[in-house]
Amino acid sequence: MTENIKLGLRENWLQFSILVIVNAFVGGMVGLERTIFPEFAEAEFGVASTTAILSFIVAFGITKALTNYFTGKLANRFGRKNLLVLGWLFAIPIPFILMNATNWNWVVFANILLGINQGLTWSSTVVMKIDLVGEKNRGTAMGINEFAGYFAVGVVALITGFIAQKYGITPYPFYLGIAISIIGLLLSIFFVKDTRVFVSKEQESSKTEEFKNVFVETTFKDKTLSSVTQAGLVNNLNDGMIWGLLPILLLSFNYDAKNIGIIAAIYPAVWGIGQLFTGRMADFYSKKKMLFIGMLLQGFAIMLIPFFTEFYQLASISTILGLGTALVYPTFLSAIADATHPQQRAESIGVFRLWRDLGYAIGAILSGIIADVFGIEYAVLSIGAITILSSLVIQFRMPSLQNR
């Protein structure tokens with residue numbers, strides 16, 4: 001059955017390229033909200049509390065985290081493609097709900113659907129690309145995958161900022177979401193092929209032992225997997241804070257929607273483009289060093305935000321934050337894949353992505369409470385300090401084994 005199957009990026013370039021395009025549309029769905037939501041919340045619904053505004057990120061984070069886990073758990077049973085198509089079906093109603101929402105609860109509900117969409121679609125494309133390339137090009141594959149997704153986040157965030165500046169916060173920015181969701185669904189139905197057979201091929205030569213309990217090993221016991229998992233959680237914890245609080249902070253500095261869109265877009269755009277290079281690096285350089293330096297860069301960049309108000313200063317900080325995130329994001333997934341058996345890989349990635357995306361909810365809740373009680377500046381500094389501590393966990397707990 002697996003005789004004619006060949007693993008590798010070059011050998012499977014066409015299917016890989018289709019998945020890259022699909023993942024760009026997946027990222028675009030998140031980019032819809034990146035720039036305009038704080039202003040959308042206050043202008044349309046009178047929601048001014050940072051904690052209340054961040055509630056949509058909490059709903060998104062928890063839902064996406066749980067969906068990630070079940071996508072990984074069910075990928076071998078139901079097939080990657082089927083879960084991918086299902087994820088796009090959840091995306092279709094989102095822009096229509098946002099355009100016609102009569103109260104904030106509808107916005108939260110739309111973000112629950114977005115969390116399900118992202119958990120199913122992004123997790124499926126990640127696992128499918130790793131299936132296709134095998135061991136040799138995992139870092140490169142993840143760099144390209146995450147580049148496509150997060151560069152699209154930045155591009156759509158920028159576009160929605162310009163649309164909102166010219167035509168208003170609603171409904172025009174959300175028309176873009178209708179197009180993204182429909183095209184993503186059609187691409188997935190007609191052009192994507194399932195990749196489960198590639199797992200069977202890789203299993204023939206794999207020397208990695210199977211775990212008795214994938215969840216426990218990935219979360220707590222295995223020093224490599226658990227170190228990567230905690231860093232993933234903290235990475236998205238600080239991203240949740242940036243997503244929710246940075247536009248609010250910029251509004252307090254009297255920036256308009258256009259300039260907020262530019263600053264907010266630089267971070268995911270640099271993050272996205274950078275992964276084309278850092279993903280390749282993860283195939284050759286120490287994954288441990290890349291994770292440590294990346295988390296440390298993120299922490300220091302975040303700590304600088306409250307002390308600078310000029311546009312170019314904040315744009316530079318956003319660039320540094322993007323570089324730090326680019327170093328770690330594809331490396332997370334490559335390290336998880338390296339440390340698990342092919343048959344357990346989808347589940348282990350699902351567990352990692354469960355904890356990683358719970359970071360959105362934890363970061364939004366934590367930073368929102370601190371911001372409401374002590375001020376946004378203290379919230380930003382607190383999240384920066386936690387990120388630096390996470391880099392130290394990588395440095396002192398994660399083993400320095402081979403290319404890990």
# chains A, B, ... in the order shown; residues from 1 in each chain; ligands from 1
$ residues_around --residues "stretch 305-318 of chain A" --least-positions-apart "4" --cutoff "6 Å" --atoms "only C-alpha atoms" --output "number ranges by chain"
A: 263, 267, 301, 377
$ closest_atom_pairs --of "stretch 14-91 of chain A" --to "stretch 174-180 of chain A" --cutoff "7 Å" --atoms "only C-alpha atoms" --output "JSON lines"
{"residue": "A:Phe25", "atom": "CA", "partner": "A:Ile180", "partner_atom": "CA", "distance": 5.8}
{"residue": "A:Gly28", "atom": "CA", "partner": "A:Ile180", "partner_atom": "CA", "distance": 6.9}
{"residue": "A:Met29", "atom": "CA", "partner": "A:Gly177", "partner_atom": "CA", "distance": 6.2}
{"residue": "A:Leu32", "atom": "CA", "partner": "A:Gly177", "partner_atom": "CA", "distance": 6.8}
$ closest_residue --among "A:Ile183, A:Ile21, A:Leu246, A:Leu291" --to "A:Ile388" --atoms "only C-alpha atoms"
A:Leu291
$ closest_residue --among "A:Ile293, A:Ala257, A:Val153, A:Leu132" --to "A:Ile169" --atoms "only C-alpha atoms"
A:Ala257
$ residues_around --residues "A:Tyr150" --least-positions-apart "6" --cutoff "6 Å" --atoms "only C-alpha atoms" --output "mmCIF file with C-alpha atoms, in the first residue's frame"
data_model
loop_
_atom_site.group_PDB
_atom_site.id
_atom_site.type_symbol
_atom_site.label_atom_id
_atom_site.label_comp_id
_atom_site.auth_asym_id
_atom_site.auth_seq_id
_atom_site.Cartn_x
_atom_site.Cartn_y
_atom_site.Cartn_z
ATOM 1 C CA GLY A 27 -4.854 32.889 8.886
ATOM 2 C CA PRO A 268 2.461 39.108 12.578
ATOM 3 C CA GLY A 272 5.202 35.273 9.216
#
$ select_by_dssp --residues "stretch 154-372 of chain A" --states "helix (DSSP H, G or I)" --output "ChimeraX atom specification"
/A:154-167,172-190,196-203,214-221,223-252,257-281,287-307,311-338,342-372
$ residues_around --residues "A:Val328" --least-positions-apart "5" --cutoff "8 Å" --atoms "only C-alpha atoms" --output "PyMOL selection string"
chain A and resi 290-291+294-295
$ write_last_selection --atoms "C-alpha atoms" --output "CSV table (one decimal), in the first residue's frame"
chain,number,residue,atom,x,y,z
A,290,MET,CA,16.4,28.9,19.0
A,291,LEU,CA,13.5,28.6,21.5
A,294,GLY,CA,13.2,33.6,20.7
A,295,MET,CA,11.3,33.6,24.0
$ closest_residue --among "A:Phe292, A:Trp271, A:Phe56, A:Phe215" --to "A:Val155" --atoms "only C-alpha atoms"
A:Trp271
$ residues_around --residues "stretch 89-93 of chain A" --least-positions-apart "6" --cutoff "6 Å" --atoms "only C-alpha atoms" --output "PyMOL selection string"
chain A and resi 113+117+181
$ atom_distance --atom1 "atom CA of A:Ala59" --atom2 "atom CA of A:Leu392"
29.6 Å
$ residues_around --residues "A:Val228" --least-positions-apart "6" --cutoff "10 Å" --atoms "only C-alpha atoms" --output "list in words"
Thr218, Thr219, Asp222, Lys287, Lys288, Leu291, Val328, Thr331, Phe332, Leu333, Ala335, Ile336, Phe352, Arg356, Ser390, Val393, Ile394, Arg397 and Met398 of chain A
$ write_last_selection --atoms "C-alpha atoms" --output "JSON list (two decimals), in the first residue's frame"
[["chain", "number", "residue", "atom", "x", "y", "z"],
["A", 218, "THR", "CA", 3.56, 16.03, 26.25],
["A", 219, "THR", "CA", 2.25, 18.09, 29.18],
["A", 222, "ASP", "CA", 8.96, 14.27, 28.83],
["A", 287, "LYS", "CA", 16.13, 23.86, 18.53],
["A", 288, "LYS", "CA", 16.78, 24.52, 22.21],
["A", 291, "LEU", "CA", 13.53, 28.55, 21.48],
["A", 328, "VAL", "CA", 10.05, 29.81, 18.16],
["A", 331, "THR", "CA", 10.52, 25.24, 15.98],
["A", 332, "PHE", "CA", 7.79, 24.31, 18.48],
["A", 333, "LEU", "CA", 6.04, 22.04, 16.00],
["A", 335, "ALA", "CA", 10.51, 19.69, 18.01],
["A", 336, "ILE", "CA", 7.19, 18.06, 18.97],
["A", 352, "PHE", "CA", 0.69, 20.86, 22.48],
["A", 356, "ARG", "CA", -0.52, 26.62, 23.49],
["A", 390, "SER", "CA", 9.54, 30.86, 30.12],
["A", 393, "VAL", "CA", 12.57, 27.02, 31.59],
["A", 394, "ILE", "CA", 13.74, 26.17, 28.06],
["A", 397, "ARG", "CA", 14.89, 22.00, 31.60],
["A", 398, "MET", "CA", 14.96, 21.12, 27.90]]
$ residues_around --residues "A:Asp256" --least-positions-apart "3" --cutoff "10 Å" --atoms "only C-alpha atoms" --output "list in words"
Gly161, Gln165, Pro247, Leu250, Leu251, Phe253, Asn259, Ile260 and Gly261 of chain A
